[in-house]
Every structure is written in C-alpha cells, then in structure tokens.
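Raw coords-v3.pdb, PDB, C-alpha atoms:
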MODEL        1
ATOM      1  CA  VAL N 819       2.052   5.335  31.282
ATOM      2  CA  PRO N 820      -0.490   2.818  32.651
ATOM      3  CA  VAL N 821       1.225  -0.465  33.522
ATOM      4  CA  CYS N 822      -0.552  -3.776  34.099
ATOM      5  CA  GLY N 823       1.311  -7.073  33.987
ATOM      6  CA  GLU N 824       4.163  -5.787  31.836
ATOM      7  CA  SER N 825       7.735  -7.096  31.812
ATOM      8  CA  HIS N 826      10.001  -5.815  34.588
ATOM      9  CA  ASP N 827      12.218  -4.007  32.052
ATOM     10  CA  CYS N 828       9.439  -2.440  29.942
ATOM     11  CA  LEU N 829      10.542   1.119  30.741
ATOM     12  CA  ASP N 830      14.017   0.363  29.371
ATOM     13  CA  SER N 831      12.535  -0.388  25.955
ATOM     14  CA  LEU N 832      10.071   2.486  26.185
ATOM     15  CA  LEU N 833      12.712   5.155  26.854
ATOM     16  CA  GLN N 834      15.838   3.771  25.210
ATOM     17  CA  ASN N 835      15.836   6.259  22.323
ATOM     18  CA  ILE N 836      14.983   9.419  24.281
ATOM     19  CA  LYS N 837      17.769  11.984  24.303
ATOM     20  CA  SER N 838      16.431  15.208  25.759
ATOM     21  CA  GLU N 839      16.541  17.429  28.788
ATOM     22  CA  ARG N 840      15.401  15.870  32.045
ATOM     23  CA  PHE N 841      11.819  14.612  31.980
ATOM     24  CA  LEU N 842       9.348  12.950  34.323
ATOM     25  CA  VAL N 843       7.681   9.606  33.637
ATOM     26  CA  ILE N 844       4.477   9.075  35.622
ATOM     27  CA  VAL N 845       3.817   5.344  35.841
ATOM     28  CA  CYS N 846       0.506   4.104  37.230
ATOM     29  CA  VAL N 847       0.878   0.438  38.171
ATOM     30  CA  ASN N 848      -2.539  -1.194  38.351
ATOM     31  CA  ARG N 849      -4.590  -4.346  37.804
ATOM     32  CA  PRO N 850      -8.308  -5.191  37.657
ATOM     33  CA  ASP N 851      -9.912  -6.874  40.644
ATOM     34  CA  GLN N 852     -12.061  -9.343  38.683
ATOM     35  CA  HIS N 853      -9.930 -10.948  35.988
ATOM     36  CA  SER N 854      -8.566 -14.459  35.534
ATOM     37  CA  LYS N 855      -5.028 -13.051  35.251
ATOM     38  CA  SER N 856      -5.243 -10.535  38.096
ATOM     39  CA  THR N 857      -3.011 -12.565  40.433
ATOM     40  CA  GLN N 858      -0.444 -13.191  37.696
ATOM     41  CA  TRP N 859      -0.409  -9.494  36.810
ATOM     42  CA  SER N 860       0.047  -8.619  40.476
ATOM     43  CA  GLN N 861       3.210 -10.714  40.616
ATOM     44  CA  GLU N 862       4.572  -9.156  37.432
ATOM     45  CA  ASN N 863       3.762  -5.681  38.721
ATOM     46  CA  ASN N 864       5.716  -6.417  41.903
ATOM     47  CA  LYS N 865       8.743  -7.494  39.843
ATOM     48  CA  LEU N 866       8.609  -4.210  37.940
ATOM     49  CA  ILE N 867       8.311  -2.125  41.109
ATOM     50  CA  THR N 868      11.160  -4.006  42.799
ATOM     51  CA  ARG N 869      13.473  -3.616  39.812
ATOM     52  CA  LEU N 870      12.788   0.114  39.465
ATOM     53  CA  LYS N 871      13.529   0.688  43.147
ATOM     54  CA  GLN N 872      16.714  -1.404  43.003
ATOM     55  CA  THR N 873      18.122   0.346  39.914
ATOM     56  CA  ALA N 874      17.176   3.919  40.871
ATOM     57  CA  LEU N 875      19.887   6.333  42.005
ATOM     58  CA  ALA N 876      17.519   7.699  44.658
ATOM     59  CA  VAL N 877      14.226   6.480  46.109
ATOM     60  CA  ASN N 878      11.829   8.846  47.880
ATOM     61  CA  PRO N 879       8.510   7.533  49.243
ATOM     62  CA  LEU N 880       5.227   9.161  48.209
ATOM     63  CA  ASP N 881       1.737   8.726  49.657
ATOM     64  CA  GLN N 882       0.922   6.226  46.904
ATOM     65  CA  GLY N 883       4.281   5.012  45.619
ATOM     66  CA  TYR N 884       7.756   6.420  45.067
ATOM     67  CA  LEU N 885       9.683   9.189  43.323
ATOM     68  CA  LEU N 886      12.655   7.501  41.671
ATOM     69  CA  SER N 887      15.655   9.307  40.180
ATOM     70  CA  PHE N 888      17.662   7.907  37.278
ATOM     71  CA  GLU N 889      20.530   9.365  35.276
ATOM     72  CA  SER N 890      18.520  11.436  32.793
ATOM     73  CA  PHE N 891      14.930  11.233  34.007
ATOM     74  CA  ASP N 892      12.720  10.748  37.060
ATOM     75  CA  VAL N 893       9.891   8.293  37.609
ATOM     76  CA  CYS N 894       6.803   9.069  39.660
ATOM     77  CA  LEU N 895       5.734   5.511  40.451
ATOM     78  CA  LEU N 896       2.087   5.423  41.520
ATOM     79  CA  ASP N 897       1.506   1.992  43.025
ATOM     80  CA  PHE N 898      -2.056   0.633  43.061
ATOM     81  CA  ASN N 899      -1.042  -3.009  42.769
ATOM     82  CA  ASP N 900      -2.393  -3.843  46.228
ATOM     83  CA  GLU N 901      -5.547  -1.775  45.602
ATOM     84  CA  PRO N 902      -6.939  -3.316  42.401
ATOM     85  CA  PHE N 903      -9.316  -1.231  40.314
ATOM     86  CA  GLU N 904     -12.888  -2.205  39.598
ATOM     87  CA  THR N 905     -13.056  -4.112  36.322
ATOM     88  CA  ASN N 906     -15.135  -1.434  34.578
ATOM     89  CA  GLN N 907     -12.605   1.303  35.452
ATOM     90  CA  GLY N 908      -9.309  -0.279  34.425
ATOM     91  CA  VAL N 909      -6.955   1.538  32.087
ATOM     92  CA  GLY N 910      -9.136   4.655  31.985
ATOM     93  CA  LEU N 911      -8.676   5.197  35.723
ATOM     94  CA  ALA N 912      -4.944   4.486  35.443
ATOM     95  CA  ARG N 913      -4.522   7.042  32.651
ATOM     96  CA  LYS N 914      -6.643   9.568  34.527
ATOM     97  CA  ILE N 915      -4.639   9.232  37.750
ATOM     98  CA  ALA N 916      -1.345   9.634  35.875
ATOM     99  CA  ALA N 917      -2.497  12.525  33.665
ATOM    100  CA  ASP N 918      -4.269  14.308  36.531
ATOM    101  CA  SER N 919      -1.024  14.058  38.496
ATOM    102  CA  ALA N 920       0.849  15.612  35.569
ATOM    103  CA  LEU N 921      -1.754  18.383  35.383
ATOM    104  CA  GLN N 922      -1.266  19.211  39.062
ATOM    105  CA  LEU N 923       2.520  19.333  38.663
ATOM    106  CA  ILE N 924       2.160  21.606  35.624
ATOM    107  CA  ASP N 925      -0.251  23.857  37.517
ATOM    108  CA  ASN N 926       2.230  24.024  40.419
ATOM    109  CA  GLN N 927       5.003  24.866  37.905
ATOM    110  CA  VAL N 928       7.031  21.816  38.919
ATOM    111  CA  ILE N 929       6.882  20.809  35.242
ATOM    112  CA  THR N 930       7.671  23.585  32.753
ATOM    113  CA  SER N 931       6.097  22.068  29.629
ATOM    114  CA  PRO N 932       2.310  22.541  29.215
ATOM    115  CA  TRP N 933       1.978  19.200  27.364
ATOM    116  CA  ILE N 934       0.863  15.883  28.841
ATOM    117  CA  TYR N 935       2.165  12.881  26.865
ATOM    118  CA  SER N 936       0.118   9.676  27.026
ATOM    119  CA  THR N 937       1.647   6.373  25.955
ATOM    120  CA  ASP N 938       1.841   2.679  26.842
ATOM    121  CA  ALA N 939       4.411   0.218  28.137
ATOM    122  CA  ASP N 940       4.530  -1.781  24.874
ATOM    123  CA  VAL N 941       5.838   1.245  22.960
ATOM    124  CA  GLN N 942       9.272   2.339  21.786
ATOM    125  CA  LEU N 943       9.395   6.136  21.785
ATOM    126  CA  PRO N 944      11.363   7.966  19.053
ATOM    127  CA  THR N 945      14.355  10.219  19.707
ATOM    128  CA  ASP N 946      12.417  13.401  18.904
ATOM    129  CA  TYR N 947       9.383  12.457  20.998
ATOM    130  CA  PHE N 948       9.515  15.557  23.219
ATOM    131  CA  SER N 949      10.939  18.033  20.702
ATOM    132  CA  ALA N 950       8.337  17.575  17.945
ATOM    133  CA  ILE N 951       5.565  19.481  19.761
ATOM    134  CA  GLN N 952       6.007  23.251  20.004
ATOM    135  CA  ASN N 953       4.388  25.427  22.680
ATOM    136  CA  ASP N 954       3.125  28.087  20.250
ATOM    137  CA  THR N 955       0.454  26.003  18.546
ATOM    138  CA  ASP N 956      -3.267  26.285  17.838
ATOM    139  CA  TYR N 957      -3.900  22.620  18.619
ATOM    140  CA  VAL N 958      -5.434  21.385  21.854
ATOM    141  CA  ALA N 959      -4.014  17.884  21.340
ATOM    142  CA  TYR N 960      -2.109  15.681  18.929
ATOM    143  CA  SER N 961      -2.729  12.179  17.674
ATOM    144  CA  LEU N 962       0.738  10.989  16.691
ATOM    145  CA  PRO N 963       1.436   8.554  13.835
ATOM    146  CA  PHE N 964       2.311   4.974  14.744
ATOM    147  CA  LYS N 965       3.677   1.744  13.341
ATOM    148  CA  HIS N 966       3.150  -1.706  14.797
ATOM    149  CA  MET N 967       6.247  -3.915  14.983
ATOM    150  CA  THR N 968       6.559  -7.713  15.144
ATOM    151  CA  ASP N 969       8.880 -10.494  13.917
ATOM    152  CA  CYS N 970       5.976 -12.939  13.555
ATOM    153  CA  ASN N 971       4.671 -13.107   9.983
ATOM    154  CA  GLN N 972       1.219 -14.347  10.981
ATOM    155  CA  LEU N 973       0.805 -11.664  13.628
ATOM    156  CA  ALA N 974       2.039  -9.055  11.137
ATOM    157  CA  GLN N 975      -0.752 -10.088   8.734
ATOM    158  CA  TRP N 976      -3.422  -9.775  11.418
ATOM    159  CA  GLN N 977      -1.990  -6.446  12.521
ATOM    160  CA  ALA N 978      -1.920  -5.145   8.928
ATOM    161  CA  LEU N 979      -5.620  -5.974   8.574
ATOM    162  CA  TYR N 980      -6.460  -4.239  11.837
ATOM    163  CA  ASP N 981      -4.371  -1.152  10.991
ATOM    164  CA  PHE N 982      -5.938  -0.943   7.536
ATOM    165  CA  LYS N 983      -9.362  -1.017   9.143
ATOM    166  CA  LEU N 984      -8.390   1.927  11.346
ATOM    167  CA  SER N 985      -6.885   3.869   8.450
ATOM    168  CA  TYR N 986      -9.820   3.117   6.146
ATOM    169  CA  TYR N 987     -12.280   4.493   8.673
ATOM    170  CA  GLN N 988     -10.077   7.548   9.264
ATOM    171  CA  GLN N 989      -9.982   8.307   5.539
ATOM    172  CA  ALA N 990     -13.756   7.904   5.389
ATOM    173  CA  MET N 991     -14.160  10.471   8.176
ATOM    174  CA  ARG N 992     -11.920  12.874   6.252
ATOM    175  CA  HIS N 993     -14.018  12.281   3.128
ATOM    176  CA  ILE N 994     -17.186  13.119   5.049
ATOM    177  CA  GLY N 995     -15.600  16.289   6.416
ATOM    178  CA  SER N 996     -15.778  15.270  10.065
ATOM    179  CA  VAL N 997     -13.498  16.827  12.694
ATOM    180  CA  TYR N 998     -13.317  13.359  14.268
ATOM    181  CA  ASN N 999     -10.923  12.167  11.559
ATOM    182  CA  TYR N1000      -8.104  10.885  13.762
ATOM    183  CA  ILE N1001      -7.106   7.444  15.028
ATOM    184  CA  PRO N1002      -7.554   7.442  18.819
ATOM    185  CA  LEU N1003      -4.753   5.432  20.437
ATOM    186  CA  GLY N1004      -3.883   6.070  24.071
ATOM    187  CA  SER N1005      -0.227   5.335  23.302
ATOM    188  CA  CYS N1006      -0.006   8.193  20.779
ATOM    189  CA  LEU N1007      -1.639  11.180  22.489
ATOM    190  CA  VAL N1008      -0.225  14.560  23.451
ATOM    191  CA  ILE N1009      -2.671  16.875  25.239
ATOM    192  CA  HIS N1010      -2.342  20.505  26.270
ATOM    193  CA  ALA N1011      -2.848  20.867  30.015
ATOM    194  CA  ASP N1012      -5.413  23.673  29.706
ATOM    195  CA  ALA N1013      -7.521  21.660  27.267
ATOM    196  CA  TYR N1014      -7.184  18.544  29.414
ATOM    197  CA  ALA N1015      -8.574  20.458  32.396
ATOM    198  CA  LYS N1016     -11.436  21.972  30.377
ATOM    199  CA  VAL N1017     -12.791  18.542  29.392
ATOM    200  CA  ARG N1018     -12.165  17.047  32.868
ATOM    201  CA  GLY N1019      -9.540  14.611  31.683
ATOM    202  CA  PHE N1020      -9.699  10.933  30.832
ATOM    203  CA  PRO N1021     -13.027   9.195  31.481
ATOM    204  CA  ILE N1022     -12.902   6.331  33.959
ATOM    205  CA  ARG N1023     -13.667   3.238  31.916
ATOM    206  CA  SER N1024     -12.054  -0.106  31.105
ATOM    207  CA  GLY N1025     -11.485   0.762  27.443
ATOM    208  CA  GLY N1026     -12.058   3.491  24.877
ATOM    209  CA  GLU N1027     -10.867   6.209  27.256
ATOM    210  CA  ASP N1028      -8.604   7.561  24.510
ATOM    211  CA  PHE N1029     -11.541   7.737  22.056
ATOM    212  CA  TYR N1030     -13.806   9.562  24.487
ATOM    213  CA  LEU N1031     -11.121  12.021  25.593
ATOM    214  CA  LEU N1032     -10.371  13.019  21.984
ATOM    215  CA  ASN N1033     -14.105  13.198  21.318
ATOM    216  CA  LYS N1034     -14.371  15.870  24.034
ATOM    217  CA  LEU N1035     -11.192  17.677  22.981
ATOM    218  CA  ALA N1036     -12.328  17.916  19.342
ATOM    219  CA  LYS N1037     -15.291  19.980  20.521
ATOM    220  CA  ILE N1038     -13.087  22.730  22.009
ATOM    221  CA  GLY N1039     -10.210  22.879  19.493
ATOM    222  CA  ARG N1040      -8.242  21.239  16.715
ATOM    223  CA  ILE N1041      -6.558  17.824  16.923
ATOM    224  CA  GLY N1042      -3.146  17.875  15.229
ATOM    225  CA  GLN N1043      -2.023  14.887  13.158
ATOM    226  CA  PRO N1044       1.659  15.393  12.291
ATOM    227  CA  GLU N1045       3.643  12.956  10.129
ATOM    228  CA  VAL N1046       6.356  12.676  12.801
ATOM    229  CA  PRO N1047       7.363  11.521  15.334
ATOM    230  CA  ILE N1048       6.313   7.929  14.623
ATOM    231  CA  ILE N1049       5.500   5.816  17.675
ATOM    232  CA  LYS N1050       6.617   2.197  17.388
ATOM    233  CA  ILE N1051       4.150  -0.146  19.072
ATOM    234  CA  LYS N1052       4.692  -3.822  19.780
ATOM    235  CA  ALA N1053       2.055  -5.888  17.985
ATOM    236  CA  ARG N1054       0.643  -8.426  20.424
ATOM    237  CA  LEU N1055      -2.440 -10.389  21.316
ATOM    238  CA  SER N1056      -3.794  -8.997  24.555
ATOM    239  CA  GLN N1057      -6.742  -9.319  26.934
ATOM    240  CA  ARG N1058      -5.827  -6.455  29.262
ATOM    241  CA  VAL N1059      -8.751  -4.391  27.962
ATOM    242  CA  PRO N1060     -12.190  -5.464  26.635
ATOM    243  CA  PHE N1061     -11.608  -3.925  23.199
ATOM    244  CA  GLY N1062      -8.891  -2.154  21.255
ATOM    245  CA  THR N1063      -5.846  -3.341  19.329
ATOM    246  CA  GLY N1064      -4.995  -6.454  21.371
ATOM    247  CA  PRO N1065      -8.559  -7.838  21.519
ATOM    248  CA  GLY N1066      -9.035  -6.759  17.893
ATOM    249  CA  LEU N1067      -6.154  -9.003  16.840
ATOM    250  CA  MET N1068      -7.609 -11.847  18.904
ATOM    251  CA  LYS N1069     -10.914 -11.435  17.071
ATOM    252  CA  ILE N1070      -9.220 -11.567  13.662
ATOM    253  CA  LYS N1071      -7.192 -14.600  14.719
ATOM    254  CA  GLU N1072     -10.200 -16.542  16.005
ATOM    255  CA  SER N1073     -12.624 -15.553  13.247
ATOM    256  CA  LYS N1074     -13.493 -18.219  10.687
ATOM    257  CA  GLU N1075     -14.620 -15.567   8.207
ATOM    258  CA  SER N1076     -12.763 -12.951   6.210
ATOM    259  CA  THR N1077     -12.359  -9.514   7.792
ATOM    260  CA  HIS N1078     -15.233  -7.241   6.788
ATOM    261  CA  PHE N1079     -15.195  -3.489   6.141
ATOM    262  CA  TYR N1080     -17.892  -0.847   5.785
ATOM    263  CA  HIS N1081     -19.103  -0.421   2.205
ATOM    264  CA  PRO N1082     -17.722   2.821   0.671
ATOM    265  CA  GLN N1083     -21.216   3.893  -0.456
ATOM    266  CA  ILE N1084     -22.193   4.197   3.213
ATOM    267  CA  PHE N1085     -19.796   7.109   3.604
ATOM    268  CA  GLU N1086     -20.987   8.757   0.381
ATOM    269  CA  GLU N1087     -24.529   8.789   1.749
ATOM    270  CA  ILE N1088     -23.420  10.021   5.155
ATOM    271  CA  LYS N1089     -21.377  12.829   3.535
ATOM    272  CA  ALA N1090     -24.407  14.114   1.628
ATOM    273  CA  TRP N1091     -26.598  13.786   4.712
ATOM    274  CA  TYR N1092     -23.959  15.516   6.846
ATOM    275  CA  GLN N1093     -23.788  18.500   4.485
ATOM    276  CA  GLN N1094     -27.578  18.795   4.344
ATOM    277  CA  LEU N1095     -27.715  18.642   8.112
ATOM    278  CA  GLY N1096     -25.350  21.610   8.278
ATOM    279  CA  ASP N1097     -27.659  23.524   5.947
ATOM    280  CA  TYR N1098     -30.651  22.842   8.215
ATOM    281  CA  PHE N1099     -29.854  25.833  10.360
ATOM    282  CA  ASN N1100     -30.249  28.101   7.306
ATOM    283  CA  ASN N1101     -33.225  26.557   5.502
ATOM    284  CA  ARG N1102     -34.920  24.431   8.217
ATOM    285  CA  VAL N1103     -35.202  21.522   5.770
ATOM    286  CA  PHE N1104     -34.316  18.059   7.048
ATOM    287  CA  PRO N1105     -31.773  15.956   5.088
ATOM    288  CA  ASP N1106     -33.536  13.897   2.404
ATOM    289  CA  ASN N1107     -32.029  10.528   3.376
ATOM    290  CA  LYS N1108     -34.970   9.044   5.266
ATOM    291  CA  ARG N1109     -33.059   5.912   6.311
ATOM    292  CA  ILE N1110     -30.444   7.902   8.190
ATOM    293  CA  ASN N1111     -33.061  10.326   9.523
ATOM    294  CA  ASP N1112     -35.036   7.423  10.975
ATOM    295  CA  VAL N1113     -31.955   5.806  12.530
ATOM    296  CA  TRP N1114     -31.159   9.081  14.315
ATOM    297  CA  SER N1115     -34.802  10.049  15.075
ATOM    298  CA  ILE N1116     -33.713  13.282  13.458
ATOM    299  CA  GLU N1117     -36.579  15.537  14.573
ATOM    300  CA  THR N1118     -36.122  14.625  18.231
ATOM    301  CA  VAL N1119     -32.338  15.016  18.029
ATOM    302  CA  ILE N1120     -32.439  18.430  16.332
ATOM    303  CA  ASP N1121     -35.070  19.710  18.752
ATOM    304  CA  LYS N1122     -32.860  18.699  21.669
ATOM    305  CA  VAL N1123     -29.715  20.183  20.085
ATOM    306  CA  ILE N1124     -31.365  23.553  19.399
ATOM    307  CA  LYS N1125     -32.481  23.779  23.020
ATOM    308  CA  GLN N1126     -28.970  22.928  24.246
ATOM    309  CA  THR N1127     -27.284  25.531  22.065
TER
ENDMDL
END
The structure in this file should be written as structure tokens.
Amino acid sequence: VPVCGESHDCLDSLLQNIKSERFLVIVCVNRPDQHSKSTQWSQENNKLITRLKQTALAVNPLDQGYLLSFESFDVCLLDFNDEPFETNQGVGLARKIAADSALQLIDNQVITSPWIYSTDADVQLPTDYFSAIQNDTDYVAYSLPFKHMTDCNQLAQWQALYDFKLSYYQQAMRHIGSVYNYIPLGSCLVIHADAYAKVRGFPIRSGGEDFYLLNKLAKIGRIGQPEVPIIKIKARLSQRVPFGTGPGLMKIKESKESTHFYHPQIFEEIKAWYQQLGDYFNNRVFPDNKRINDVWSIETVIDKVIKQT
C-alpha cells in the first residue's frame, strides 16, 4: 500500500472487513519532493506514522521504518517521509519498494503465500480478499473487479462517466481479441511472486506503473479477471498523481465540453487489421488498412520485430 497524505486512520477503513489468518501489510509512506502540497502531505504522513506506533501492540525498529504488531495482522511501515521521492518517480517507486520487500520475504519463506497484493489507502477491502485467489492457478496475475463509492451525487456522475470510459475501452479490447483486455488499477492487482520477479517488478514512474506492470506480465502469462472479490474504492478528486482516476475526475469536472469516447468503427478497423497482421507470418502480406499501416510505419516495425524474435 503506497501512502501519501492520507488520513491517519486510513488503514482502519482499508482492513475493517478482513477476517483471515494473520497477514502482513507493507505500507510505504512517501511524498514527492516538488509538489505544492508536499509539506502538507508530510504533516499528514507524520500523523499516520505516530498513530500507528501509538496503537500497535509492539513496535520494532527497522532500517527504514518499523515492524508493528496488531491483534490480527502486522504492518511493515517503510518510512520515506523525510526522504521525499523525485517527482517523476512517485507512486511507482513506492509500489516497487513495497512489492519488492514482499518478494524478498516470500523468497526467504517468511511469507507462505506466493501472491503479492497491491492496493491503495482509499480502498475498502472485502472479507474474502485473501481467500479468493488459489495457489494452483495458471494465471500470473489478477485484475480484480472494483466499484467506486461516494455519497456525493455530482461526484458519482463524474465517476460513472470515467468508469464507463474504462469499461468501454476494455470491451473494445476484448472485441479486437487483444490479451490486454483488462482495466489496470494499482488498487486491484494480485501478482504471483515468480512472475513479478521475471518482469522486474513495478516500473519507477509517477503514474501508470500499474498499466506498465500488467503490460509486461501479459507477455509471459494470462491475466485473470474474476467477478469477485469486488474492491470498493472511494471516489475522490485527487492530484497525487499526474494521471489516473483522481486527475481524470478533475478533467471531467473542469471540462466545458461533453465527455468524448472513441468511435466504435475505430475498433472494427483495428480488429480486421489485427487479424491480418497475425496472418502476415504465414503469407507475408501486409494488412490492407493503409492508414493504420502508415501510423505504425508497419514495414519498419515488422522488420524490427522479426529480428528481435
């Protein structure tokens, strides 16, 4: 769980429904060095750290934070609040530090489960969060279903538009026949440790780290998309990252135009082109859609791909 400027009791909401055997929460407290709210987030981070230490049953210092014991779980609190990240690293670095730490603990057999669960502090996890994923599976990762929650009618409308845009694009990818037909949200990922290591983990970037990780994982195995468990996410306007759900809502809110979507015919043309491209390796005939060929500089791309493979 990457944490930046969250409420001091955010973990209470995150974990309130979990009823399972003892588990470890790896929290990476961080903030960007060049941001107008960096000082404010630093103060909020300190409140969170102080509260966790005060309410823990046991506190053991680590090189970069604390190991905290609570009644039914432990928290590995990785504290980078006084060592702010570069702005272009942000949440990607926080996720990578936390997930890499989990990978090391799994490799050292401190953690028995081979799965690394990635989520966010504005989430409410379901009761069956840890029991839904079985060890004997063919999937390298899962993209779990989600639902955004809010009591604000206006925010709910903006969120519905944004979620529809995500779902619409996902359905288009399925129509095309692409393996990249999932919705990449860092709060809804479950990754097998072996696969995580093979693709070298989360990329270090200020946004889109979930997208790029799944992009790598989809090349080495299948991405599962179960119907449960459903992750409840708090709908909110946010500027913690340069793009994603929070900034997406801000864009919808501030836009003076209607929300636009890709024309369906685009995906029909891409589907035909995609199928012809697959046939290229049998008949050596380029797809007949010259517009898409030109956009991709198709001859150069295919020449490069053949050399790489």
Taking the file above as input, evaluate the PyMOL selection byres ((chain N and resi 871-884) around 12) and report the hits as a PDB file with C-alpha atoms, in the coordinates of the input.
ATOM      1  CA  HIS N 826      10.001  -5.815  34.588  1.00  0.00           C
ATOM      2  CA  ASP N 827      12.218  -4.007  32.052  1.00  0.00           C
ATOM      3  CA  LEU N 829      10.542   1.119  30.741  1.00  0.00           C
ATOM      4  CA  ASP N 830      14.017   0.363  29.371  1.00  0.00           C
ATOM      5  CA  VAL N 843       7.681   9.606  33.637  1.00  0.00           C
ATOM      6  CA  ILE N 844       4.477   9.075  35.622  1.00  0.00           C
ATOM      7  CA  VAL N 845       3.817   5.344  35.841  1.00  0.00           C
ATOM      8  CA  CYS N 846       0.506   4.104  37.230  1.00  0.00           C
ATOM      9  CA  VAL N 847       0.878   0.438  38.171  1.00  0.00           C
ATOM     10  CA  ASN N 848      -2.539  -1.194  38.351  1.00  0.00           C
ATOM     11  CA  ASN N 864       5.716  -6.417  41.903  1.00  0.00           C
ATOM     12  CA  LYS N 865       8.743  -7.494  39.843  1.00  0.00           C
ATOM     13  CA  LEU N 866       8.609  -4.210  37.940  1.00  0.00           C
ATOM     14  CA  ILE N 867       8.311  -2.125  41.109  1.00  0.00           C
ATOM     15  CA  THR N 868      11.160  -4.006  42.799  1.00  0.00           C
ATOM     16  CA  ARG N 869      13.473  -3.616  39.812  1.00  0.00           C
ATOM     17  CA  LEU N 870      12.788   0.114  39.465  1.00  0.00           C
ATOM     18  CA  LEU N 885       9.683   9.189  43.323  1.00  0.00           C
ATOM     19  CA  LEU N 886      12.655   7.501  41.671  1.00  0.00           C
ATOM     20  CA  SER N 887      15.655   9.307  40.180  1.00  0.00           C
ATOM     21  CA  PHE N 888      17.662   7.907  37.278  1.00  0.00           C
ATOM     22  CA  GLU N 889      20.530   9.365  35.276  1.00  0.00           C
ATOM     23  CA  SER N 890      18.520  11.436  32.793  1.00  0.00           C
ATOM     24  CA  PHE N 891      14.930  11.233  34.007  1.00  0.00           C
ATOM     25  CA  ASP N 892      12.720  10.748  37.060  1.00  0.00           C
ATOM     26  CA  VAL N 893       9.891   8.293  37.609  1.00  0.00           C
ATOM     27  CA  CYS N 894       6.803   9.069  39.660  1.00  0.00           C
ATOM     28  CA  LEU N 895       5.734   5.511  40.451  1.00  0.00           C
ATOM     29  CA  LEU N 896       2.087   5.423  41.520  1.00  0.00           C
ATOM     30  CA  ASP N 897       1.506   1.992  43.025  1.00  0.00           C
ATOM     31  CA  PHE N 898      -2.056   0.633  43.061  1.00  0.00           C
ATOM     32  CA  ASN N 899      -1.042  -3.009  42.769  1.00  0.00           C
ATOM     33  CA  ASP N 900      -2.393  -3.843  46.228  1.00  0.00           C
ATOM     34  CA  GLU N 901      -5.547  -1.775  45.602  1.00  0.00           C
ATOM     35  CA  ILE N 915      -4.639   9.232  37.750  1.00  0.00           C
ATOM     36  CA  ALA N 916      -1.345   9.634  35.875  1.00  0.00           C
ATOM     37  CA  SER N 919      -1.024  14.058  38.496  1.00  0.00           C
TER      38      SER N 919
END
Since I can't run it myself right now, could you work out what the PyMOL selection byres ((chain N and resi 959-976) around 9) selects here and report it as a PyMOL selection string? chain N and resi 933+951+957-958+977-981+1000-1010+1013-1014+1032+1035-1036+1039-1055+1067-1068+1070-1071
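Across the model, the gap from CA of Pro850 in chain N to CA of Glu1027 in chain N is 15.6 Å.
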Neighbour list for Ala917 in chain N as an MDAnalysis selection string, cut-off 9 Å, all atoms listed in the file, skip fewer than 2 positions in-chain: chainID N and resid 819 844 912:915 919:922 934:936 1014 1019:1020
Just the number, please: distance in Å from CA of Pro944 in chain N to CA of Thr1063 in chain N, one decimal.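 These atoms are spaced 20.6 Å apart.
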